[in-house]
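Chemist: Can you read through this structure? Questions will come right after.
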Amino acid sequence: MSANTEQDKNEKQKGRVIPGVSKALVTRSLQKFQRLTGVSLVLSAILGAFLLSTDRSLWILAVSHAYGLIAICTVDIFLAAFNFALIRKALLPSLLWAVLTFVLQIGDILTAPEYKMTMLYFASYLFHLWAFDGILSAQVAVAILAYSARSYAKMLGPKKRKKLTYFDMGIKSSRRDFLQIMGAILGLIGLTGILAALDVIYTPTSPSNLGNSQSGSGSSSSSLPPGAIANAKDLQVGSPITFYYPDSTSPNILFKKSDGSLVALSLLCTHVCCETSFSTSSNALICPCHGSIFDANTGAVLRGPAVLPLPSVELNVDASGNIFPIKVKGQSPCL
Ligand code: FES
């Protein structure tokens with residue numbers, strides 16, 4: 001084996017530029033891939049900010065997810081800045097971060113039962129959000145680009161150390177700075193965890209007095225027989241009451257109409273299961289998440305994005321006027 005071939009082999013093993021390939025070309029490719037990594041990270045952050053500012057269900061239904069998305073956007077921006085500054089050491093954190101955020105976003109689907117939805121329905125809702133799809137695509141792009149850039153970085157071998165200061169590029173390139181970056185990322189992840197835990201701690205627990213009313217005519221539920229939600233004599237037109245049926249996480253509303261008949265409807269919006277609220281002025285149930293409106297007499301959809309009407313609750317009234325929920329009628333994605 002000639003001396004030259006032996007040297008080439010050693011260079012390859014050290015991860016240096018492949019013989020015949022210009023070092024300048026490899027450097028340009030590395031820089032191009034690293035900038036594209038930064039662009040993809042910025043895109044991911046912009047789409048995350050768009051979701052945070054437009055999807056109210058994040059803030060009403062899943063506050064911990066909103067905090068998580070804020071952390072993802074923040075880290076995206078930090079990593080993008082490091083990639084634009086052509087700090088090679090940002091490539092591995094970018095690659096790992098893209099994989100982690102992709103898994104976390106897909107993992108959101110597993111939390112569907114927490115928000116009273118099946119995983120299948122929640123997955124279909126998420127994948128119909130173009131911004132959500134955009135974030136996933138951007139993170140896949142980050143992973144591919146950062147991996148490719150790392151390949152070019154390896155071809156160039158170890159970077160010659162030049163003592164840089166904050167005045168040279170805004171940040172020092174050293175092991176200590178790398179550790180600072182990782183520390184900041186871990187700190188943000190920890191902060192997200194703390195905020196999520198606080199959200200769980202301070203979220204009011206659902207009432208456990210199943211079947212009994214929670215508001216409305218002012219009648220005392222203690223005088224009602226077990227399972228009754230109200231007495232027809234105590235109900236007044238225009239003053240509905242809420243009750244929980246068939247479980248303590250399923251709110252419903254009971255109306256007495258002017259002809260004396262009773263109507264009970266689920267309060268859970270059939271779009272993504274946010275709780276609707278009754279508007280006396282429009283005699284409708286309005287969803288705060290994406291603005292669906294339902295007719296308070298029938299549960300019919302007056303305005304989307306919900307498509308299905310609100311399920312109703314079949315009632316039984318005994319000789320004393322006590323009202324008992326019997327069963328839920330109608331389709332809903334809410335568990
Ligand atoms: S949850 Fe989207 S409109 Fe109600």
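Every chain in the structure tokens takes a letter, A first, then B, and so on in the order presented; its residues are numbered from 1, and the ligands are numbered from 1 following the presented order.
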For range 118-122 of chain A, work out the shell of residues within 9 Å, counting only C-alpha atoms and skipping chain neighbours fewer than 5 positions away, then give it as a count of residues only.
Modeler: 11
Chemist: Would you list the residues that come within 6 Å of ligand 1? Count only C-alpha atoms and all ligand atoms and give the answer as a list in words.
Modeler: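 What falls inside 6 Å of ligand 1 is Cys269, His271, Val272, Cys273, Cys274, Cys287, Cys289, His290, Gly291, Ser292, Pro305 and Ala306 of chain A.
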Chemist: Using all heavy atoms, can you write the selected residues to a file as a short mmCIF file (atom, residue, chain, number, x, y, z; two decimals), in the first residue's frame?
Modeler:
data_model
loop_
_atom_site.label_atom_id
_atom_site.label_comp_id
_atom_site.auth_asym_id
_atom_site.auth_seq_id
_atom_site.Cartn_x
_atom_site.Cartn_y
_atom_site.Cartn_z
N CYS A 269 -69.38 20.60 23.66
CA CYS A 269 -69.40 20.89 22.23
C CYS A 269 -68.98 19.66 21.44
O CYS A 269 -68.03 18.96 21.82
CB CYS A 269 -68.44 22.05 21.96
SG CYS A 269 -68.29 22.47 20.24
N HIS A 271 -67.51 19.54 18.73
CA HIS A 271 -66.32 19.73 17.90
C HIS A 271 -65.12 19.13 18.60
O HIS A 271 -64.60 18.10 18.17
CB HIS A 271 -66.11 21.23 17.62
CG HIS A 271 -64.92 21.51 16.76
ND1 HIS A 271 -64.05 22.54 17.02
CD2 HIS A 271 -64.43 20.87 15.67
CE1 HIS A 271 -63.10 22.53 16.10
NE2 HIS A 271 -63.31 21.54 15.27
N VAL A 272 -64.65 19.76 19.70
CA VAL A 272 -63.53 19.18 20.46
C VAL A 272 -63.82 19.15 21.96
O VAL A 272 -62.91 19.22 22.77
CB VAL A 272 -62.20 19.93 20.19
CG1 VAL A 272 -61.02 19.02 20.49
CG2 VAL A 272 -62.07 20.42 18.78
N CYS A 273 -65.11 19.09 22.31
CA CYS A 273 -65.52 18.82 23.69
C CYS A 273 -65.22 19.94 24.69
O CYS A 273 -65.08 19.68 25.89
CB CYS A 273 -64.93 17.50 24.19
SG CYS A 273 -65.34 16.13 23.11
N CYS A 274 -65.11 21.18 24.23
CA CYS A 274 -65.05 22.30 25.18
C CYS A 274 -66.45 22.48 25.76
O CYS A 274 -67.45 22.13 25.12
CB CYS A 274 -64.66 23.60 24.47
SG CYS A 274 -62.93 23.68 24.03
N CYS A 287 -69.92 27.95 22.20
CA CYS A 287 -68.65 27.32 22.58
C CYS A 287 -67.53 28.37 22.56
O CYS A 287 -67.34 29.05 21.55
CB CYS A 287 -68.32 26.18 21.61
SG CYS A 287 -66.76 25.41 22.04
N CYS A 289 -64.36 27.85 22.53
CA CYS A 289 -63.10 27.42 21.90
C CYS A 289 -62.97 27.86 20.45
O CYS A 289 -62.00 28.53 20.07
CB CYS A 289 -62.95 25.90 22.02
SG CYS A 289 -62.52 25.40 23.70
N HIS A 290 -63.93 27.44 19.61
CA HIS A 290 -63.84 27.82 18.20
C HIS A 290 -65.12 28.46 17.70
O HIS A 290 -65.34 28.57 16.50
CB HIS A 290 -63.49 26.60 17.34
CG HIS A 290 -62.31 25.82 17.83
ND1 HIS A 290 -62.43 24.64 18.50
CD2 HIS A 290 -60.99 26.10 17.79
CE1 HIS A 290 -61.23 24.20 18.84
NE2 HIS A 290 -60.33 25.06 18.42
N GLY A 291 -66.01 28.82 18.64
CA GLY A 291 -67.17 29.62 18.27
C GLY A 291 -68.39 28.90 17.75
O GLY A 291 -69.28 29.54 17.18
N SER A 292 -68.48 27.59 17.94
CA SER A 292 -69.72 26.91 17.50
C SER A 292 -70.90 27.40 18.33
O SER A 292 -70.75 27.73 19.51
CB SER A 292 -69.58 25.39 17.68
OG SER A 292 -68.72 24.87 16.71
N PRO A 305 -67.51 25.43 13.80
CA PRO A 305 -67.13 24.22 13.05
C PRO A 305 -67.78 22.91 13.51
O PRO A 305 -67.62 21.90 12.83
CB PRO A 305 -65.61 24.14 13.27
CG PRO A 305 -65.37 24.83 14.57
CD PRO A 305 -66.39 25.92 14.65
N ALA A 306 -68.48 22.89 14.64
CA ALA A 306 -69.13 21.63 15.03
C ALA A 306 -70.10 21.21 13.94
O ALA A 306 -70.71 22.06 13.27
CB ALA A 306 -69.85 21.81 16.35
#
Chemist: In Å, how far is it from CA of Ile87 in chain A to CA of Ile72 in chain A?
Modeler: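 Between CA of Ile87 in chain A and CA of Ile72 in chain A the gap is 20.2 Å.
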Chemist: Got a sec: who's within 12 Å of Leu268 in chain A, counting only C-alpha atoms, leaving out chain neighbours fewer than 4 positions off, as a tab-separated table (two decimals) with all heavy atoms, in the first residue's frame?
Modeler:
chain	number	residue	atom	x	y	z
A	61	LEU	N	-59.05	24.27	27.12
A	61	LEU	CA	-59.16	22.82	27.37
A	61	LEU	C	-57.83	22.22	27.86
A	61	LEU	O	-57.83	21.32	28.69
A	61	LEU	CB	-59.59	22.14	26.06
A	61	LEU	CG	-60.26	20.80	26.11
A	61	LEU	CD1	-61.57	20.90	26.90
A	61	LEU	CD2	-60.57	20.31	24.70
A	115	TYR	N	-59.21	14.79	27.86
A	115	TYR	CA	-60.08	15.87	27.37
A	115	TYR	C	-61.40	15.31	26.82
A	115	TYR	O	-62.05	15.92	25.98
A	115	TYR	CB	-59.33	16.68	26.30
A	115	TYR	CG	-58.02	17.16	26.84
A	115	TYR	CD1	-56.82	16.61	26.40
A	115	TYR	CD2	-57.98	18.10	27.86
A	115	TYR	CE1	-55.61	17.00	26.95
A	115	TYR	CE2	-56.77	18.50	28.41
A	115	TYR	CZ	-55.59	17.95	27.94
A	115	TYR	OH	-54.41	18.32	28.50
A	116	LYS	N	-61.73	14.11	27.29
A	116	LYS	CA	-63.02	13.47	26.99
A	116	LYS	C	-63.18	13.11	25.51
A	116	LYS	O	-64.28	13.15	24.96
A	116	LYS	CB	-64.20	14.34	27.45
A	116	LYS	CG	-64.26	14.49	28.97
A	116	LYS	CD	-65.55	15.06	29.45
A	116	LYS	CE	-66.73	14.15	29.27
A	116	LYS	NZ	-66.66	12.90	30.05
A	117	MET	N	-62.07	12.81	24.84
A	117	MET	CA	-62.16	12.41	23.43
A	117	MET	C	-61.47	11.07	23.23
A	117	MET	O	-60.57	10.71	23.99
A	117	MET	CB	-61.46	13.44	22.54
A	117	MET	CG	-62.29	14.64	22.22
A	117	MET	SD	-61.32	15.86	21.35
A	117	MET	CE	-60.55	16.72	22.70
A	242	THR	N	-77.71	23.31	35.66
A	242	THR	CA	-76.75	22.34	35.11
A	242	THR	C	-76.70	21.12	36.01
A	242	THR	O	-76.93	21.21	37.21
A	242	THR	CB	-75.33	22.95	35.01
A	242	THR	OG1	-74.93	23.38	36.30
A	242	THR	CG2	-75.27	24.09	34.04
A	244	TYR	N	-74.74	16.87	36.20
A	244	TYR	CA	-73.71	16.00	35.63
A	244	TYR	C	-74.28	14.59	35.43
A	244	TYR	O	-74.80	13.99	36.37
A	244	TYR	CB	-72.48	15.97	36.55
A	244	TYR	CG	-71.78	17.31	36.51
A	244	TYR	CD1	-72.26	18.37	37.27
A	244	TYR	CD2	-70.71	17.53	35.66
A	244	TYR	CE1	-71.66	19.62	37.20
A	244	TYR	CE2	-70.10	18.78	35.59
A	244	TYR	CZ	-70.58	19.82	36.36
A	244	TYR	OH	-70.00	21.04	36.28
A	245	TYR	N	-74.21	14.12	34.22
A	245	TYR	CA	-74.75	12.81	33.88
A	245	TYR	C	-74.14	12.39	32.54
A	245	TYR	O	-73.98	13.24	31.66
A	245	TYR	CB	-76.28	12.87	33.77
A	245	TYR	CG	-76.91	11.53	33.46
A	245	TYR	CD1	-77.14	10.60	34.46
A	245	TYR	CD2	-77.23	11.19	32.14
A	245	TYR	CE1	-77.69	9.36	34.16
A	245	TYR	CE2	-77.78	9.95	31.84
A	245	TYR	CZ	-78.00	9.05	32.85
A	245	TYR	OH	-78.53	7.82	32.56
A	249	THR	N	-67.92	14.03	35.00
A	249	THR	CA	-67.20	14.94	34.09
A	249	THR	C	-68.07	15.31	32.88
A	249	THR	O	-67.55	15.87	31.92
A	249	THR	CB	-65.89	14.31	33.60
A	249	THR	OG1	-66.21	13.11	32.90
A	249	THR	CG2	-64.94	14.01	34.74
A	250	SER	N	-69.34	14.96	32.94
A	250	SER	CA	-70.23	15.24	31.79
A	250	SER	C	-71.30	16.26	32.16
A	250	SER	O	-72.36	15.90	32.70
A	250	SER	CB	-70.89	13.95	31.32
A	250	SER	OG	-69.91	12.99	30.99
A	251	PRO	N	-71.07	17.55	31.91
A	251	PRO	CA	-72.05	18.57	32.27
A	251	PRO	C	-73.21	18.63	31.26
A	251	PRO	O	-73.02	18.45	30.05
A	251	PRO	CB	-71.22	19.86	32.22
A	251	PRO	CG	-70.13	19.58	31.26
A	251	PRO	CD	-69.86	18.11	31.30
A	252	ASN	N	-74.39	18.87	31.78
A	252	ASN	CA	-75.60	19.02	30.94
A	252	ASN	C	-76.37	20.23	31.44
A	252	ASN	O	-76.13	20.72	32.55
A	252	ASN	CB	-76.48	17.78	31.06
A	252	ASN	CG	-75.74	16.50	30.73
A	252	ASN	OD1	-75.55	16.16	29.58
A	252	ASN	ND2	-75.27	15.79	31.76
A	253	ILE	N	-77.32	20.66	30.63
A	253	ILE	CA	-78.16	21.78	31.04
A	253	ILE	C	-79.62	21.39	30.87
A	253	ILE	O	-79.97	20.70	29.90
A	253	ILE	CB	-77.78	23.05	30.22
A	253	ILE	CG1	-78.47	24.27	30.81
A	253	ILE	CG2	-78.09	22.90	28.75
A	253	ILE	CD1	-77.83	25.59	30.35
A	272	VAL	N	-64.65	19.76	19.70
A	272	VAL	CA	-63.53	19.18	20.46
A	272	VAL	C	-63.82	19.15	21.96
A	272	VAL	O	-62.91	19.22	22.77
A	272	VAL	CB	-62.20	19.93	20.19
A	272	VAL	CG1	-61.02	19.02	20.49
A	272	VAL	CG2	-62.07	20.42	18.78
A	273	CYS	N	-65.11	19.09	22.31
A	273	CYS	CA	-65.52	18.82	23.69
A	273	CYS	C	-65.22	19.94	24.69
A	273	CYS	O	-65.08	19.68	25.89
A	273	CYS	CB	-64.93	17.50	24.19
A	273	CYS	SG	-65.34	16.13	23.11
A	274	CYS	N	-65.11	21.18	24.23
A	274	CYS	CA	-65.05	22.30	25.18
A	274	CYS	C	-66.45	22.48	25.76
A	274	CYS	O	-67.45	22.13	25.12
A	274	CYS	CB	-64.66	23.60	24.47
A	274	CYS	SG	-62.93	23.68	24.03
A	275	GLU	N	-66.53	23.06	26.95
A	275	GLU	CA	-67.85	23.24	27.58
A	275	GLU	C	-68.50	24.52	27.04
A	275	GLU	O	-67.92	25.60	27.09
A	275	GLU	CB	-67.69	23.32	29.10
A	275	GLU	CG	-69.04	23.31	29.79
A	275	GLU	CD	-68.91	23.12	31.30
A	275	GLU	OE1	-67.91	22.53	31.75
A	275	GLU	OE2	-69.82	23.58	32.02
A	276	THR	N	-69.72	24.38	26.53
A	276	THR	CA	-70.45	25.55	26.01
A	276	THR	C	-71.12	26.29	27.17
A	276	THR	O	-71.25	25.73	28.27
A	276	THR	CB	-71.55	25.11	25.01
A	276	THR	OG1	-72.42	24.23	25.69
A	276	THR	CG2	-70.96	24.40	23.82
A	277	SER	N	-71.53	27.51	26.91
A	277	SER	CA	-72.27	28.23	27.96
A	277	SER	C	-73.55	28.82	27.36
A	277	SER	O	-73.61	29.13	26.16
A	277	SER	CB	-71.40	29.32	28.58
A	277	SER	OG	-70.93	30.16	27.58
A	278	PHE	N	-74.55	28.94	28.22
A	278	PHE	CA	-75.87	29.38	27.76
A	278	PHE	C	-75.91	30.90	27.64
A	278	PHE	O	-75.50	31.62	28.55
A	278	PHE	CB	-76.93	28.90	28.74
A	278	PHE	CG	-78.32	29.36	28.41
A	278	PHE	CD1	-78.89	29.06	27.18
A	278	PHE	CD2	-79.05	30.11	29.32
A	278	PHE	CE1	-80.17	29.49	26.86
A	278	PHE	CE2	-80.33	30.54	29.02
A	278	PHE	CZ	-80.89	30.24	27.78
A	285	LEU	N	-76.48	27.94	22.95
A	285	LEU	CA	-75.30	27.48	23.70
A	285	LEU	C	-74.08	27.80	22.85
A	285	LEU	O	-73.99	27.37	21.69
A	285	LEU	CB	-75.43	25.99	23.99
A	285	LEU	CG	-76.56	25.67	24.97
A	285	LEU	CD1	-77.02	24.23	24.83
A	285	LEU	CD2	-76.14	25.96	26.40
A	286	ILE	N	-73.16	28.55	23.44
A	286	ILE	CA	-72.03	29.07	22.66
A	286	ILE	C	-70.73	28.44	23.16
A	286	ILE	O	-70.48	28.39	24.37
A	286	ILE	CB	-71.96	30.60	22.77
A	286	ILE	CG1	-73.25	31.19	22.19
A	286	ILE	CG2	-70.74	31.16	22.03
A	286	ILE	CD1	-73.40	32.67	22.40
A	287	CYS	N	-69.92	27.95	22.20
A	287	CYS	CA	-68.65	27.32	22.58
A	287	CYS	C	-67.53	28.37	22.56
A	287	CYS	O	-67.34	29.05	21.55
A	287	CYS	CB	-68.32	26.18	21.61
A	287	CYS	SG	-66.76	25.41	22.04
A	288	PRO	N	-66.78	28.50	23.65
A	288	PRO	CA	-65.73	29.51	23.70
A	288	PRO	C	-64.48	29.13	22.90
A	288	PRO	O	-63.64	29.97	22.63
A	288	PRO	CB	-65.39	29.59	25.20
A	288	PRO	CG	-65.70	28.22	25.72
A	288	PRO	CD	-66.85	27.71	24.89
A	289	CYS	N	-64.36	27.85	22.53
A	289	CYS	CA	-63.10	27.42	21.90
A	289	CYS	C	-62.97	27.86	20.45
A	289	CYS	O	-62.00	28.53	20.07
A	289	CYS	CB	-62.95	25.90	22.02
A	289	CYS	SG	-62.52	25.40	23.70
A	292	SER	N	-68.48	27.59	17.94
A	292	SER	CA	-69.72	26.91	17.50
A	292	SER	C	-70.90	27.40	18.33
A	292	SER	O	-70.75	27.73	19.51
A	292	SER	CB	-69.58	25.39	17.68
A	292	SER	OG	-68.72	24.87	16.71
A	293	ILE	N	-72.09	27.43	17.69
A	293	ILE	CA	-73.30	27.87	18.39
A	293	ILE	C	-74.38	26.80	18.19
A	293	ILE	O	-74.56	26.29	17.07
A	293	ILE	CB	-73.78	29.24	17.87
A	293	ILE	CG1	-72.69	30.29	18.08
A	293	ILE	CG2	-75.06	29.67	18.57
A	293	ILE	CD1	-73.03	31.67	17.54
A	294	PHE	N	-75.08	26.47	19.27
A	294	PHE	CA	-76.13	25.44	19.21
A	294	PHE	C	-77.45	26.03	19.69
A	294	PHE	O	-77.47	26.84	20.64
A	294	PHE	CB	-75.76	24.25	20.11
A	294	PHE	CG	-74.44	23.61	19.77
A	294	PHE	CD1	-73.25	24.08	20.32
A	294	PHE	CD2	-74.38	22.54	18.88
A	294	PHE	CE1	-72.02	23.49	20.01
A	294	PHE	CE2	-73.16	21.94	18.56
A	294	PHE	CZ	-71.98	22.42	19.12
A	299	GLY	N	-80.62	21.71	20.40
A	299	GLY	CA	-79.22	21.27	20.33
A	299	GLY	C	-78.67	21.31	18.91
A	299	GLY	O	-77.51	20.94	18.69
A	306	ALA	N	-68.48	22.89	14.64
A	306	ALA	CA	-69.13	21.63	15.03
A	306	ALA	C	-70.10	21.21	13.94
A	306	ALA	O	-70.71	22.06	13.27
A	306	ALA	CB	-69.85	21.81	16.35
A	308	LEU	N	-72.04	17.93	14.44
A	308	LEU	CA	-73.10	17.15	15.10
A	308	LEU	C	-73.87	18.01	16.09
A	308	LEU	O	-73.29	18.86	16.79
A	308	LEU	CB	-72.46	15.99	15.87
A	308	LEU	CG	-71.80	14.89	15.05
A	308	LEU	CD1	-71.04	13.95	15.97
A	308	LEU	CD2	-72.84	14.13	14.24
A	309	PRO	N	-75.21	17.79	16.21
A	309	PRO	CA	-75.97	18.51	17.24
A	309	PRO	C	-75.56	18.03	18.64
A	309	PRO	O	-74.94	16.97	18.78
A	309	PRO	CB	-77.41	18.14	16.94
A	309	PRO	CG	-77.34	16.86	16.18
A	309	PRO	CD	-76.04	16.87	15.44
A	310	LEU	N	-75.91	18.80	19.65
A	310	LEU	CA	-75.61	18.38	21.02
A	310	LEU	C	-76.46	17.18	21.38
A	310	LEU	O	-77.68	17.18	21.10
A	310	LEU	CB	-75.90	19.52	22.00
A	310	LEU	CG	-75.01	20.76	21.90
A	310	LEU	CD1	-75.55	21.86	22.82
A	310	LEU	CD2	-73.57	20.42	22.26
A	311	PRO	N	-75.88	16.17	22.01
A	311	PRO	CA	-76.71	15.05	22.48
A	311	PRO	C	-77.71	15.55	23.52
A	311	PRO	O	-77.46	16.55	24.22
A	311	PRO	CB	-75.70	14.10	23.13
A	311	PRO	CG	-74.38	14.50	22.57
A	311	PRO	CD	-74.46	15.96	22.30
A	312	SER	N	-78.85	14.87	23.63
A	312	SER	CA	-79.84	15.24	24.65
A	312	SER	C	-79.86	14.15	25.73
A	312	SER	O	-79.33	13.06	25.54
A	312	SER	CB	-81.21	15.39	24.02
A	312	SER	OG	-81.60	14.17	23.42
A	331	GLN	N	-75.23	11.34	19.04
A	331	GLN	CA	-73.81	11.04	18.81
A	331	GLN	C	-72.93	12.18	19.32
A	331	GLN	O	-73.30	13.34	19.23
A	331	GLN	CB	-73.55	10.95	17.31
A	331	GLN	CG	-73.69	9.57	16.72
A	331	GLN	CD	-73.29	9.65	15.27
A	331	GLN	OE1	-73.96	10.31	14.49
A	331	GLN	NE2	-72.19	9.01	14.92
A	332	SER	N	-71.75	11.81	19.82
A	332	SER	CA	-70.80	12.85	20.24
A	332	SER	C	-69.40	12.25	20.27
A	332	SER	O	-69.25	11.07	20.61
A	332	SER	CB	-71.17	13.38	21.62
A	332	SER	OG	-70.15	14.21	22.11
A	333	PRO	N	-68.39	13.06	19.93
A	333	PRO	CA	-67.03	12.53	20.04
A	333	PRO	C	-66.55	12.55	21.50
A	333	PRO	O	-65.50	12.00	21.82
A	333	PRO	CB	-66.21	13.51	19.20
A	333	PRO	CG	-66.97	14.78	19.28
A	333	PRO	CD	-68.41	14.42	19.41
A	334	CYS	N	-67.33	13.21	22.38
A	334	CYS	CA	-66.89	13.35	23.77
A	334	CYS	C	-67.23	12.09	24.55
A	334	CYS	O	-68.34	11.59	24.45
A	334	CYS	CB	-67.56	14.56	24.43
A	334	CYS	SG	-67.55	16.00	23.37
A	335	LEU	N	-66.28	11.62	25.33
A	335	LEU	CA	-66.48	10.37	26.09
A	335	LEU	C	-67.47	10.58	27.23
A	335	LEU	O	-67.55	11.65	27.80
A	335	LEU	CB	-65.14	9.89	26.66
A	335	LEU	CG	-64.10	9.51	25.63
A	335	LEU	CD1	-62.77	9.26	26.32
A	335	LEU	CD2	-64.52	8.29	24.85
